>>> print(open('start-v6.txt').read())   # compact mmCIF, C-alpha atoms and all ligand atoms
# COMPACT_ATOMS: atom_id res chain seq x y z
CA MET A 826 2.59 -7.83 4.46
CA ALA A 827 3.26 -11.53 4.57
CA PHE A 828 6.11 -13.17 2.74
CA ASN A 829 6.37 -16.68 1.39
CA ALA A 830 8.25 -18.99 3.70
CA GLY A 831 11.61 -20.07 2.30
CA PRO A 832 15.27 -19.52 2.94
CA LEU A 833 15.10 -15.78 3.62
CA PRO A 834 18.39 -14.37 2.28
CA LYS A 835 20.50 -12.63 4.93
CA GLN A 836 20.39 -9.42 2.88
CA ALA A 837 16.58 -9.47 2.91
CA ALA A 838 16.46 -10.43 6.60
CA ALA A 839 18.48 -7.32 7.45
CA LEU A 840 15.87 -5.18 5.69
CA LEU A 841 12.72 -7.03 6.77
CA THR A 842 13.13 -8.09 10.38
CA GLY A 843 10.99 -6.30 12.98
CA LYS A 844 11.07 -2.52 12.72
CA ALA A 845 13.49 -2.68 9.77
CA LYS A 846 10.61 -3.99 7.64
CA VAL A 847 8.58 -0.90 8.46
CA ALA A 848 11.49 1.41 7.57
CA THR A 849 12.06 -0.51 4.32
CA TYR A 850 8.41 -0.13 3.34
CA GLU A 851 8.22 3.53 4.33
CA SER A 852 11.26 4.48 2.24
CA THR A 853 10.03 2.64 -0.87
CA GLY A 854 6.32 1.93 -1.51
CA GLY A 855 5.27 4.03 1.47
CA LYS A 856 6.46 7.19 -0.30
CA THR A 857 3.99 6.49 -3.08
CA THR A 858 1.08 5.48 -0.85
CA PHE A 859 1.57 8.69 1.16
CA LYS A 860 1.15 10.73 -2.04
CA PHE A 861 -1.97 8.73 -2.92
CA ALA A 862 -3.40 9.46 0.55
CA ALA A 863 -2.75 13.18 0.15
CA HIS A 864 -4.50 13.26 -3.22
CA ASN A 865 -7.43 11.08 -2.15
CA LEU A 866 -8.23 12.95 1.05
CA ALA A 867 -8.71 16.07 -1.03
CA LEU A 868 -11.53 14.29 -2.90
CA VAL A 869 -13.81 14.09 0.14
CA PRO A 870 -15.41 17.01 1.99
CA ALA A 871 -12.98 18.45 4.56
CA ILE A 872 -12.88 16.29 7.68
CA LYS A 873 -14.86 18.04 10.41
CA PRO A 874 -13.69 18.22 14.03
CA GLY A 875 -15.22 15.39 16.04
CA SER A 876 -15.14 12.95 13.11
CA THR A 877 -14.53 9.24 13.67
CA ILE A 878 -12.17 7.86 11.05
CA HIS A 879 -11.06 4.35 10.10
CA ASP A 880 -7.47 4.08 8.82
CA ASN A 881 -8.23 0.68 7.33
CA ALA A 882 -5.28 -1.67 6.54
CA CYS A 883 -3.22 1.15 7.98
CA GLY A 884 0.31 -0.24 7.76
CA ALA A 885 2.29 2.12 9.98
CA GLY A 886 -0.46 4.73 9.68
CA THR A 887 0.14 6.48 6.38
CA VAL A 888 -3.39 7.93 6.34
CA SER A 889 -3.45 8.75 10.07
CA ARG A 890 -0.13 10.57 9.80
CA TYR A 891 -1.31 12.57 6.80
CA ILE A 892 -4.49 13.65 8.60
CA LEU A 893 -2.65 14.57 11.80
CA GLN A 894 0.16 16.32 9.94
CA ASN A 895 -2.45 18.68 8.59
CA GLY A 896 -3.27 19.83 12.09
CA LEU A 897 -6.51 17.91 12.58
CA LEU A 898 -6.25 16.71 16.16
CA ASP A 899 -9.88 16.95 17.23
CA VAL A 900 -10.78 13.64 15.59
CA LYS A 901 -10.71 10.00 16.61
CA ILE A 902 -8.84 7.61 14.35
CA HIS A 903 -9.09 3.82 14.62
CA ALA A 904 -6.14 2.29 12.80
CA THR A 905 -6.32 -1.42 11.97
CA ASP A 906 -4.09 -3.89 10.18
CA ILE A 907 -2.90 -7.49 10.56
CA ASP A 908 0.85 -6.85 10.43
CA GLN A 909 1.93 -6.35 14.04
CA PRO A 910 5.37 -4.72 13.50
CA PHE A 911 3.63 -1.95 11.52
CA LEU A 912 0.97 -1.52 14.21
CA ASP A 913 3.66 -1.41 16.91
CA VAL A 914 5.45 1.49 15.21
CA LEU A 915 2.21 3.46 14.87
CA ALA A 916 1.12 2.72 18.46
CA GLU A 917 4.52 3.84 19.80
CA ASP A 918 4.43 7.08 17.80
CA ALA A 919 0.80 7.74 18.81
CA ALA A 920 1.64 7.26 22.50
CA GLN A 921 4.75 9.42 22.25
CA HIS A 922 2.98 12.31 20.53
CA GLY A 923 -0.42 11.98 22.21
CA TRP A 924 -2.15 11.37 18.88
CA PRO A 925 -5.88 10.49 18.94
CA VAL A 926 -5.19 7.14 17.29
CA GLU A 927 -6.31 3.79 18.65
CA VAL A 928 -4.42 0.92 17.08
CA SER A 929 -5.72 -2.65 16.84
CA ASN A 930 -4.88 -5.86 15.05
CA GLN A 931 -8.00 -6.66 13.03
CA LYS A 932 -8.79 -8.14 9.65
CA SER A 933 -10.58 -5.63 7.43
CA GLU A 934 -13.04 -8.32 6.38
CA ALA A 935 -14.51 -8.70 9.90
CA THR A 936 -13.94 -5.94 12.45
CA SER A 937 -15.25 -5.36 15.95
CA PHE A 938 -16.71 -1.91 15.15
CA ASP A 939 -20.44 -1.23 15.55
CA ASP A 940 -22.75 -0.56 12.63
CA ALA A 941 -22.79 3.10 11.47
CA PHE A 942 -19.70 3.96 13.53
CA PHE A 943 -17.41 5.89 11.14
CA ASP A 944 -17.69 9.20 9.30
CA TYR A 945 -14.80 8.21 7.01
CA ASP A 946 -13.31 4.84 6.14
CA ILE A 947 -10.06 5.13 4.23
CA MET A 948 -8.35 2.03 2.90
CA ASN A 949 -5.16 3.13 1.17
CA ILE A 950 -3.77 0.39 -1.13
CA GLY A 951 -5.26 -2.42 0.92
CA ILE A 952 -8.20 -3.80 -1.06
CA ILE A 953 -6.13 -5.92 -3.49
CA PHE A 954 -4.79 -7.97 -0.56
CA MET A 955 -8.22 -8.84 0.83
CA SER A 956 -10.06 -12.14 0.56
CA SER A 957 -13.14 -12.61 -1.70
CA ALA A 958 -11.59 -10.16 -4.21
CA GLY A 959 -12.24 -7.31 -1.79
CA LEU A 960 -15.97 -7.86 -1.31
CA ASP A 961 -15.97 -8.85 2.38
CA ALA A 962 -13.89 -5.78 3.23
CA THR A 963 -16.09 -3.35 1.25
CA ARG A 964 -19.21 -4.89 2.89
CA GLU A 965 -17.58 -4.27 6.26
CA MET A 966 -16.82 -0.68 5.25
CA HIS A 967 -20.45 -0.19 4.23
CA ARG A 968 -21.74 -1.72 7.48
CA THR A 969 -19.52 0.39 9.75
CA LEU A 970 -20.02 3.72 7.92
CA LYS A 971 -22.68 6.18 9.08
CA PRO A 972 -25.28 7.17 6.44
CA GLY A 973 -23.69 10.15 4.68
CA GLY A 974 -20.21 8.86 5.57
CA PHE A 975 -17.47 8.38 2.96
CA ALA A 976 -15.43 5.36 1.94
CA VAL A 977 -12.17 6.06 0.12
CA VAL A 978 -10.65 2.96 -1.48
CA ASN A 979 -7.86 2.70 -4.03
CA CYS A 980 -5.84 0.10 -5.89
CA TRP A 981 -2.77 0.10 -8.10
CA LYS A 982 -3.33 0.88 -11.77
CA ALA A 983 0.27 0.52 -12.97
CA ILE A 984 3.55 0.16 -11.11
CA THR A 985 6.71 0.85 -13.10
CA TRP A 986 8.79 -1.54 -10.97
CA MET A 987 6.54 -4.63 -11.13
CA LEU A 988 7.51 -5.97 -14.60
CA PRO A 989 11.26 -5.56 -13.93
CA ILE A 990 10.83 -7.53 -10.68
CA MET A 991 9.16 -10.35 -12.61
CA LEU A 992 11.97 -10.33 -15.19
CA VAL A 993 14.66 -10.59 -12.49
CA HIS A 994 12.66 -13.40 -10.86
CA LYS A 995 12.63 -15.27 -14.19
CA ALA A 996 16.31 -14.62 -14.94
CA PHE A 997 17.66 -15.87 -11.60
CA ARG A 998 15.02 -18.27 -10.31
CA GLY A 999 14.10 -19.90 -13.63
CA GLU A 1000 10.82 -20.53 -15.38
CA ALA A 1001 9.70 -23.48 -13.21
CA THR A 1002 8.12 -21.24 -10.56
CA PRO A 1003 6.47 -18.28 -12.31
CA PHE A 1004 5.96 -15.07 -10.33
CA PRO A 1005 2.38 -15.38 -9.04
CA ALA A 1006 -0.16 -13.29 -10.91
CA PRO A 1007 -2.79 -11.50 -8.79
CA PRO A 1008 -5.98 -13.60 -8.65
CA VAL A 1009 -8.08 -10.64 -9.80
CA ASN A 1010 -7.23 -7.91 -12.30
CA TRP A 1011 -7.62 -4.51 -10.62
CA THR A 1012 -5.84 -2.46 -13.29
CA ASP A 1013 -8.80 -0.89 -15.14
CA GLY A 1014 -10.89 0.22 -12.15
CA THR A 1015 -13.79 -2.13 -12.99
CA GLN A 1016 -13.23 -4.42 -10.02
CA LEU A 1017 -12.97 -1.48 -7.61
CA ARG A 1018 -16.33 -0.09 -8.70
CA LYS A 1019 -17.87 -3.58 -8.73
CA VAL A 1020 -16.96 -4.48 -5.13
CA LEU A 1021 -18.33 -1.16 -3.88
CA VAL A 1022 -21.62 -1.63 -5.72
CA ASP A 1023 -21.85 -5.29 -4.63
CA ALA A 1024 -21.24 -4.17 -1.05
CA GLY A 1025 -24.28 -1.89 -1.16
CA PHE A 1026 -22.93 1.54 -2.20
CA GLU A 1027 -25.18 3.27 -4.75
CA GLU A 1028 -23.55 3.52 -8.15
CA THR A 1029 -24.58 7.19 -8.50
CA LYS A 1030 -22.75 8.01 -5.27
CA ILE A 1031 -19.43 6.53 -6.40
CA HIS A 1032 -16.76 8.76 -7.94
CA LEU A 1033 -13.93 6.87 -9.65
CA GLU A 1034 -10.77 8.38 -11.11
CA SER A 1035 -7.19 7.48 -11.92
CA HIS A 1036 -4.17 9.42 -10.75
CA GLU A 1037 -0.40 9.16 -11.21
CA VAL A 1038 2.49 10.02 -8.90
CA SER A 1039 6.26 10.08 -9.36
CA THR A 1040 9.14 8.96 -7.18
CA VAL A 1041 12.29 11.01 -7.82
CA LEU A 1042 15.68 9.72 -6.63
CA ASP A 1043 19.33 10.71 -7.08
CA GLU A 1044 20.76 8.38 -9.71
CA GLY A 1045 23.67 7.13 -7.56
CA GLU A 1046 23.56 5.53 -4.11
CA GLU A 1047 20.03 6.68 -3.34
CA PHE A 1048 18.61 4.88 -6.39
CA ARG A 1049 20.65 1.68 -5.70
CA GLU A 1050 19.39 1.62 -2.09
CA TRP A 1051 15.79 2.17 -3.19
CA VAL A 1052 16.10 -0.68 -5.70
CA GLU A 1053 17.62 -3.04 -3.11
CA LYS A 1054 14.88 -2.28 -0.58
CA THR A 1055 12.18 -2.67 -3.21
CA TRP A 1056 13.65 -6.05 -4.23
CA ALA A 1057 13.79 -7.11 -0.56
CA PHE A 1058 10.18 -6.06 0.00
CA LEU A 1059 8.57 -7.45 -3.15
CA ALA A 1060 10.73 -10.32 -4.42
CA GLY A 1061 9.45 -12.60 -1.64
CA ILE A 1062 6.04 -12.63 -3.35
CA GLY A 1063 7.71 -15.04 -5.79
CA GLY A 1064 9.07 -17.11 -2.86
CA TRP A 1065 12.68 -16.85 -1.66
CA HIS A 1066 15.12 -19.18 -3.41
CA GLN A 1067 18.67 -20.37 -2.60
CA VAL A 1068 20.04 -18.31 -5.47
CA ASP A 1069 18.77 -15.05 -3.94
CA GLU A 1070 21.37 -14.94 -1.16
CA GLU A 1071 24.21 -16.08 -3.44
CA LYS A 1072 23.45 -13.63 -6.26
CA TRP A 1073 21.77 -10.83 -4.31
CA ASP A 1074 23.92 -8.03 -5.68
CA GLU A 1075 23.58 -9.25 -9.25
CA GLU A 1076 19.80 -9.42 -8.86
CA VAL A 1077 19.66 -5.87 -7.49
CA ASP A 1078 21.94 -4.59 -10.27
CA MET A 1079 19.80 -6.23 -12.94
CA LEU A 1080 16.66 -4.74 -11.41
CA ALA A 1081 18.28 -1.29 -11.35
CA ALA A 1082 19.30 -1.57 -15.00
CA LEU A 1083 15.86 -2.80 -16.13
CA LEU A 1084 14.10 -0.11 -14.14
CA LYS A 1085 16.03 2.63 -15.86
CA LYS A 1086 14.84 1.34 -19.26
CA GLN A 1087 11.23 0.82 -18.28
CA PRO A 1088 8.46 2.97 -19.81
CA GLY A 1089 7.41 5.05 -16.83
CA THR A 1090 11.04 5.79 -15.86
CA MET A 1091 12.96 8.93 -16.83
CA VAL A 1092 16.69 9.34 -16.21
CA GLU A 1093 17.77 12.96 -16.51
CA GLY A 1094 20.26 15.30 -14.89
CA GLY A 1095 21.42 12.74 -12.28
CA LYS A 1096 17.83 11.99 -11.21
CA VAL A 1097 15.67 8.92 -11.76
CA THR A 1098 11.92 9.51 -11.91
CA MET A 1099 9.55 6.53 -11.76
CA THR A 1100 5.80 6.67 -12.01
CA ALA A 1101 3.04 4.69 -10.36
CA SER A 1102 -0.68 5.12 -10.72
CA GLN A 1103 -3.83 4.31 -8.84
CA TRP A 1104 -7.57 4.00 -9.30
CA VAL A 1105 -9.36 5.71 -6.43
CA ALA A 1106 -13.03 5.49 -5.57
CA VAL A 1107 -14.90 7.75 -3.20
CA ALA A 1108 -18.27 6.30 -2.20
CA GLU A 1109 -20.85 8.08 -0.06
CA LYS A 1110 -23.16 5.85 1.95
C1 LIG B 1 0.49 -1.68 0.70
S1 LIG B 1 0.17 -1.73 2.42
C2 LIG B 1 -0.65 -0.19 2.66
C3 LIG B 1 -0.46 0.34 4.04
C4 LIG B 1 -0.97 1.75 4.28
N1 LIG B 1 -2.41 1.82 4.17
C5 LIG B 1 -0.33 2.74 3.34
O1 LIG B 1 -1.06 3.55 2.78
O2 LIG B 1 0.88 2.77 3.21
C6 LIG B 1 -1.14 -2.91 2.55
C7 LIG B 1 -1.55 -3.20 3.98
O3 LIG B 1 -2.69 -4.06 3.98
C8 LIG B 1 -2.58 -4.90 5.12
N2 LIG B 1 -3.48 -6.03 4.96
C9 LIG B 1 -3.40 -7.04 4.06
N3 LIG B 1 -4.44 -7.88 4.21
C10 LIG B 1 -5.18 -7.40 5.23
C11 LIG B 1 -6.40 -7.81 5.86
N4 LIG B 1 -7.02 -8.91 5.44
N5 LIG B 1 -6.90 -7.07 6.87
C12 LIG B 1 -6.24 -5.95 7.28
N6 LIG B 1 -5.10 -5.50 6.73
C13 LIG B 1 -4.57 -6.22 5.72
C14 LIG B 1 -1.11 -5.27 5.13
O4 LIG B 1 -0.70 -5.81 6.34
C15 LIG B 1 -0.48 -3.93 4.78
O5 LIG B 1 -0.13 -3.19 5.92
>>> encode(input="start-v6.txt", output="structure tokens", more="lines below")
Ligand SMILES: C[S@@+](CC[C@H](N)C(=O)[O-])C[C@H]1O[C@@H](n2cnc3c(N)ncnc32)[C@H](O)[C@@H]1O
Amino acid sequence: MAFNAGPLPKQAAALLTGKAKVATYESTGGKTTFKFAAHNLALVPAIKPGSTIHDNACGAGTVSRYILQNGLLDVKIHATDIDQPFLDVLAEDAAQHGWPVEVSNQKSEATSFDDAFFDYDIMNIGIIFMSSAGLDATREMHRTLKPGGFAVVNCWKAITWMLPIMLVHKAFRGEATPFPAPPVNWTDGTQLRKVLVDAGFEETKIHLESHEVSTVLDEGEEFREWVEKTWAFLAGIGGWHQVDEEKWDEEVDMLAALLKKQPGTMVEGGKVTMTASQWVAVAEK
């Protein structure tokens, strides 16, 4: 995950430098993507021993960890991403535990894998970050899948915390530099289906559905920490500004307050529950 260059506030640096960035992601957005992975892997036929699997845009291996956690060790997983600190954490854990995971730094749009190499290609919340609105990456998935193999690709549908982040951006950083809108709208599932069809998957062999998950946090310190880490991880999309270091705590407090009022958030019995949803497509080659 790349961040806009700018004066990185010291508070963000503490949460985003080296391995800290991985821990920050895992304890915020990573909790949600792990739940997506669990749901989505149940949509494909059970992974057979001996399968070759691509954990595509793997981060620190959310999909690989889910597969291995379920006791499937007689498989070969190739985990690829372009963010080296994330790959380093996965490679270290794989070496330490003897996991069948080979980690490499590769762009999803152009990989070194042979044609018809994988039984499964799982890209968990990666497609929206790819060039050509996802088409080069889905073409590469189609090329490297075996006939009869499965691609599992998902994108965000709605994220409770995104609008509050934009509002804090506007309140503290002003209107002159609007928070960048995604170049393509992925929120209704149309684009996800389109890039798979354009990449060569048959429309009749694509299953598309939406699915929602919740993050539940204790209302006190746990919620404040989650909000601060989420601000650190996502606010840089709008570019870091001088004001961010000076008013860091005020920004985080405003984000926390807005989040609690957001549709998609429930505050009850000392717990805060926030929802996020995905579109997921399973395509058989
Ligand atoms: C939201 S994270 C998802 C990580 C992981 N799959 C998960 O489920 O938590 C998106 C990932 O896409 C990776 N990414 C973005 N553009 C990429 C590209 N062109 N090729 C490969 N990976 C890319 C980022 O580095 C990041 O790790």
>>> atom_distance(input="start-v6.txt", atom1="CA of Val1041 in chain A", atom2="CA of Thr1090 in chain A")
9.7 Å
>>> atom_distance(input="start-v6.txt", atom1="CA of Gln894 in chain A", atom2="atom C14 of ligand LIG 1 (chain B)")
22.2 Å
>>> residues_near_ligand(input="start-v6.txt", ligand="ligand LIG 1 (chain B)", cutoff="7 Å", atoms="all atoms listed in the file", output="list in words")
Met826, Gly855, Thr858, Phe859, Ala862, Asn881, Ala882, Cys883, Gly884, Ala885, Gly886, Thr887, Val888, Thr905, Asp906, Ile907, Asp908, Phe911, Gln931, Lys932, Ser933, Glu934, Met948, Asn949, Ile950, Gly951, Phe954, Met955 and Ser956 of chain A
>>> residues_around(input="start-v6.txt", residues="Ile947 in chain A", least_positions_apart="4", cutoff="8 Å", atoms="all atoms listed in the file", output="MDAnalysis selection string")
chainID A and resid 878:881 888 976:978
>>> residues_around(input="start-v6.txt", residues="Lys1110 in chain A", least_positions_apart="2", cutoff="9 Å", atoms="all atoms listed in the file", output="mmCIF file with C-alpha atoms, in the frame of the given file")
data_model
loop_
_atom_site.group_PDB
_atom_site.id
_atom_site.type_symbol
_atom_site.label_atom_id
_atom_site.label_comp_id
_atom_site.auth_asym_id
_atom_site.auth_seq_id
_atom_site.Cartn_x
_atom_site.Cartn_y
_atom_site.Cartn_z
ATOM 1 C CA HIS A 967 -20.450 -0.190 4.230
ATOM 2 C CA LEU A 970 -20.020 3.720 7.920
ATOM 3 C CA LYS A 971 -22.680 6.180 9.080
ATOM 4 C CA PRO A 972 -25.280 7.170 6.440
ATOM 5 C CA GLY A 973 -23.690 10.150 4.680
ATOM 6 C CA GLY A 974 -20.210 8.860 5.570
ATOM 7 C CA PHE A 975 -17.470 8.380 2.960
ATOM 8 C CA ALA A 976 -15.430 5.360 1.940
ATOM 9 C CA GLY A 1025 -24.280 -1.890 -1.160
ATOM 10 C CA PHE A 1026 -22.930 1.540 -2.200
ATOM 11 C CA GLU A 1027 -25.180 3.270 -4.750
ATOM 12 C CA LYS A 1030 -22.750 8.010 -5.270
ATOM 13 C CA ALA A 1108 -18.270 6.300 -2.200
#
>>> atom_distance(input="start-v6.txt", atom1="CA of Ile952 in chain A", atom2="CA of Ala904 in chain A")
15.3 Å
>>> residues_around(input="start-v6.txt", residues="Val1068 in chain A", least_positions_apart="5", cutoff="9 Å", atoms="only C-alpha atoms", output="VMD selection string")
chain A and resid 834 997 to 998 1073
>>> decode(input="start-v6.txt", residues="range 940-951 of chain A", atoms="all heavy atoms", output="PDB file, in the first residue's frame")
ATOM      1  N   ASP A 940       1.541 -20.299 -18.204  1.00  0.00           N
ATOM      2  CA  ASP A 940       0.124 -20.445 -18.547  1.00  0.00           C
ATOM      3  C   ASP A 940      -0.419 -21.681 -17.818  1.00  0.00           C
ATOM      4  O   ASP A 940       0.321 -22.653 -17.599  1.00  0.00           O
ATOM      5  CB  ASP A 940      -0.047 -20.705 -20.059  1.00  0.00           C
ATOM      6  CG  ASP A 940       0.357 -19.502 -20.907  1.00  0.00           C
ATOM      7  OD1 ASP A 940       0.670 -18.441 -20.344  1.00  0.00           O
ATOM      8  OD2 ASP A 940       0.366 -19.658 -22.143  1.00  0.00           O
ATOM      9  N   ALA A 941      -1.693 -21.675 -17.477  1.00  0.00           N
ATOM     10  CA  ALA A 941      -2.386 -22.839 -16.899  1.00  0.00           C
ATOM     11  C   ALA A 941      -1.595 -23.457 -15.738  1.00  0.00           C
ATOM     12  O   ALA A 941      -1.364 -24.654 -15.683  1.00  0.00           O
ATOM     13  CB  ALA A 941      -2.634 -23.890 -17.991  1.00  0.00           C
ATOM     14  N   PHE A 942      -1.204 -22.627 -14.794  1.00  0.00           N
ATOM     15  CA  PHE A 942      -0.341 -23.047 -13.684  1.00  0.00           C
ATOM     16  C   PHE A 942      -1.132 -23.295 -12.388  1.00  0.00           C
ATOM     17  O   PHE A 942      -0.833 -24.195 -11.627  1.00  0.00           O
ATOM     18  CB  PHE A 942       0.697 -21.932 -13.464  1.00  0.00           C
ATOM     19  CG  PHE A 942       1.753 -22.230 -12.456  1.00  0.00           C
ATOM     20  CD1 PHE A 942       2.741 -23.172 -12.711  1.00  0.00           C
ATOM     21  CD2 PHE A 942       1.786 -21.553 -11.232  1.00  0.00           C
ATOM     22  CE1 PHE A 942       3.729 -23.451 -11.766  1.00  0.00           C
ATOM     23  CE2 PHE A 942       2.772 -21.824 -10.298  1.00  0.00           C
ATOM     24  CZ  PHE A 942       3.742 -22.770 -10.569  1.00  0.00           C
ATOM     25  N   PHE A 943      -2.179 -22.472 -12.154  1.00  0.00           N
ATOM     26  CA  PHE A 943      -2.874 -22.516 -10.857  1.00  0.00           C
ATOM     27  C   PHE A 943      -4.218 -23.243 -10.928  1.00  0.00           C
ATOM     28  O   PHE A 943      -4.937 -23.167 -11.927  1.00  0.00           O
ATOM     29  CB  PHE A 943      -3.161 -21.085 -10.359  1.00  0.00           C
ATOM     30  CG  PHE A 943      -1.927 -20.317  -9.984  1.00  0.00           C
ATOM     31  CD1 PHE A 943      -1.524 -19.229 -10.748  1.00  0.00           C
ATOM     32  CD2 PHE A 943      -1.169 -20.674  -8.878  1.00  0.00           C
ATOM     33  CE1 PHE A 943      -0.387 -18.508 -10.410  1.00  0.00           C
ATOM     34  CE2 PHE A 943      -0.030 -19.962  -8.533  1.00  0.00           C
ATOM     35  CZ  PHE A 943       0.369 -18.876  -9.302  1.00  0.00           C
ATOM     36  N   ASP A 944      -4.553 -23.901  -9.790  1.00  0.00           N
ATOM     37  CA  ASP A 944      -5.904 -24.448  -9.622  1.00  0.00           C
ATOM     38  C   ASP A 944      -6.845 -23.376  -9.066  1.00  0.00           C
ATOM     39  O   ASP A 944      -8.046 -23.395  -9.335  1.00  0.00           O
ATOM     40  CB  ASP A 944      -5.861 -25.637  -8.651  1.00  0.00           C
ATOM     41  CG  ASP A 944      -5.001 -26.764  -9.193  1.00  0.00           C
ATOM     42  OD1 ASP A 944      -5.446 -27.409 -10.156  1.00  0.00           O
ATOM     43  OD2 ASP A 944      -3.880 -26.971  -8.680  1.00  0.00           O
ATOM     44  N   TYR A 945      -6.291 -22.488  -8.246  1.00  0.00           N
ATOM     45  CA  TYR A 945      -7.078 -21.404  -7.637  1.00  0.00           C
ATOM     46  C   TYR A 945      -6.253 -20.125  -7.693  1.00  0.00           C
ATOM     47  O   TYR A 945      -5.045 -20.158  -7.421  1.00  0.00           O
ATOM     48  CB  TYR A 945      -7.371 -21.688  -6.149  1.00  0.00           C
ATOM     49  CG  TYR A 945      -8.231 -22.901  -5.925  1.00  0.00           C
ATOM     50  CD1 TYR A 945      -7.657 -24.166  -5.770  1.00  0.00           C
ATOM     51  CD2 TYR A 945      -9.616 -22.781  -5.855  1.00  0.00           C
ATOM     52  CE1 TYR A 945      -8.445 -25.283  -5.573  1.00  0.00           C
ATOM     53  CE2 TYR A 945     -10.409 -23.899  -5.649  1.00  0.00           C
ATOM     54  CZ  TYR A 945      -9.820 -25.143  -5.512  1.00  0.00           C
ATOM     55  OH  TYR A 945     -10.609 -26.239  -5.319  1.00  0.00           O
ATOM     56  N   ASP A 946      -6.919 -19.026  -8.013  1.00  0.00           N
ATOM     57  CA  ASP A 946      -6.260 -17.718  -7.951  1.00  0.00           C
ATOM     58  C   ASP A 946      -7.158 -16.809  -7.128  1.00  0.00           C
ATOM     59  O   ASP A 946      -8.274 -16.479  -7.546  1.00  0.00           O
ATOM     60  CB  ASP A 946      -6.058 -17.151  -9.369  1.00  0.00           C
ATOM     61  CG  ASP A 946      -5.068 -15.995  -9.353  1.00  0.00           C
ATOM     62  OD1 ASP A 946      -5.048 -15.242  -8.353  1.00  0.00           O
ATOM     63  OD2 ASP A 946      -4.320 -15.849 -10.331  1.00  0.00           O
ATOM     64  N   ILE A 947      -6.688 -16.442  -5.955  1.00  0.00           N
ATOM     65  CA  ILE A 947      -7.537 -15.689  -5.030  1.00  0.00           C
ATOM     66  C   ILE A 947      -6.939 -14.305  -4.802  1.00  0.00           C
ATOM     67  O   ILE A 947      -5.820 -14.181  -4.272  1.00  0.00           O
ATOM     68  CB  ILE A 947      -7.680 -16.464  -3.696  1.00  0.00           C
ATOM     69  CG1 ILE A 947      -8.323 -17.828  -3.998  1.00  0.00           C
ATOM     70  CG2 ILE A 947      -8.543 -15.671  -2.709  1.00  0.00           C
ATOM     71  CD1 ILE A 947      -7.807 -18.932  -3.153  1.00  0.00           C
ATOM     72  N   MET A 948      -7.667 -13.296  -5.234  1.00  0.00           N
ATOM     73  CA  MET A 948      -7.205 -11.916  -5.044  1.00  0.00           C
ATOM     74  C   MET A 948      -8.182 -11.243  -4.081  1.00  0.00           C
ATOM     75  O   MET A 948      -9.297 -10.884  -4.458  1.00  0.00           O
ATOM     76  CB  MET A 948      -7.156 -11.179  -6.382  1.00  0.00           C
ATOM     77  CG  MET A 948      -6.637  -9.769  -6.229  1.00  0.00           C
ATOM     78  SD  MET A 948      -6.716  -8.852  -7.764  1.00  0.00           S
ATOM     79  CE  MET A 948      -5.212  -9.366  -8.544  1.00  0.00           C
ATOM     80  N   ASN A 949      -7.760 -11.120  -2.841  1.00  0.00           N
ATOM     81  CA  ASN A 949      -8.662 -10.628  -1.790  1.00  0.00           C
ATOM     82  C   ASN A 949      -8.473  -9.125  -1.598  1.00  0.00           C
ATOM     83  O   ASN A 949      -7.448  -8.688  -1.067  1.00  0.00           O
ATOM     84  CB  ASN A 949      -8.357 -11.397  -0.491  1.00  0.00           C
ATOM     85  CG  ASN A 949      -9.477 -11.313   0.525  1.00  0.00           C
ATOM     86  OD1 ASN A 949     -10.653 -11.302   0.155  1.00  0.00           O
ATOM     87  ND2 ASN A 949      -9.126 -11.250   1.796  1.00  0.00           N
ATOM     88  N   ILE A 950      -9.442  -8.344  -2.038  1.00  0.00           N
ATOM     89  CA  ILE A 950      -9.405  -6.865  -1.956  1.00  0.00           C
ATOM     90  C   ILE A 950      -8.107  -6.317  -2.556  1.00  0.00           C
ATOM     91  O   ILE A 950      -7.334  -5.609  -1.908  1.00  0.00           O
ATOM     92  CB  ILE A 950      -9.643  -6.371  -0.506  1.00  0.00           C
ATOM     93  CG1 ILE A 950     -10.991  -6.878   0.020  1.00  0.00           C
ATOM     94  CG2 ILE A 950      -9.636  -4.852  -0.436  1.00  0.00           C
ATOM     95  CD1 ILE A 950     -12.237  -6.298  -0.661  1.00  0.00           C
ATOM     96  N   GLY A 951      -7.859  -6.716  -3.796  1.00  0.00           N
ATOM     97  CA  GLY A 951      -6.692  -6.196  -4.505  1.00  0.00           C
ATOM     98  C   GLY A 951      -7.060  -5.512  -5.811  1.00  0.00           C
ATOM     99  O   GLY A 951      -6.406  -4.559  -6.226  1.00  0.00           O
TER     100      GLY A 951
END
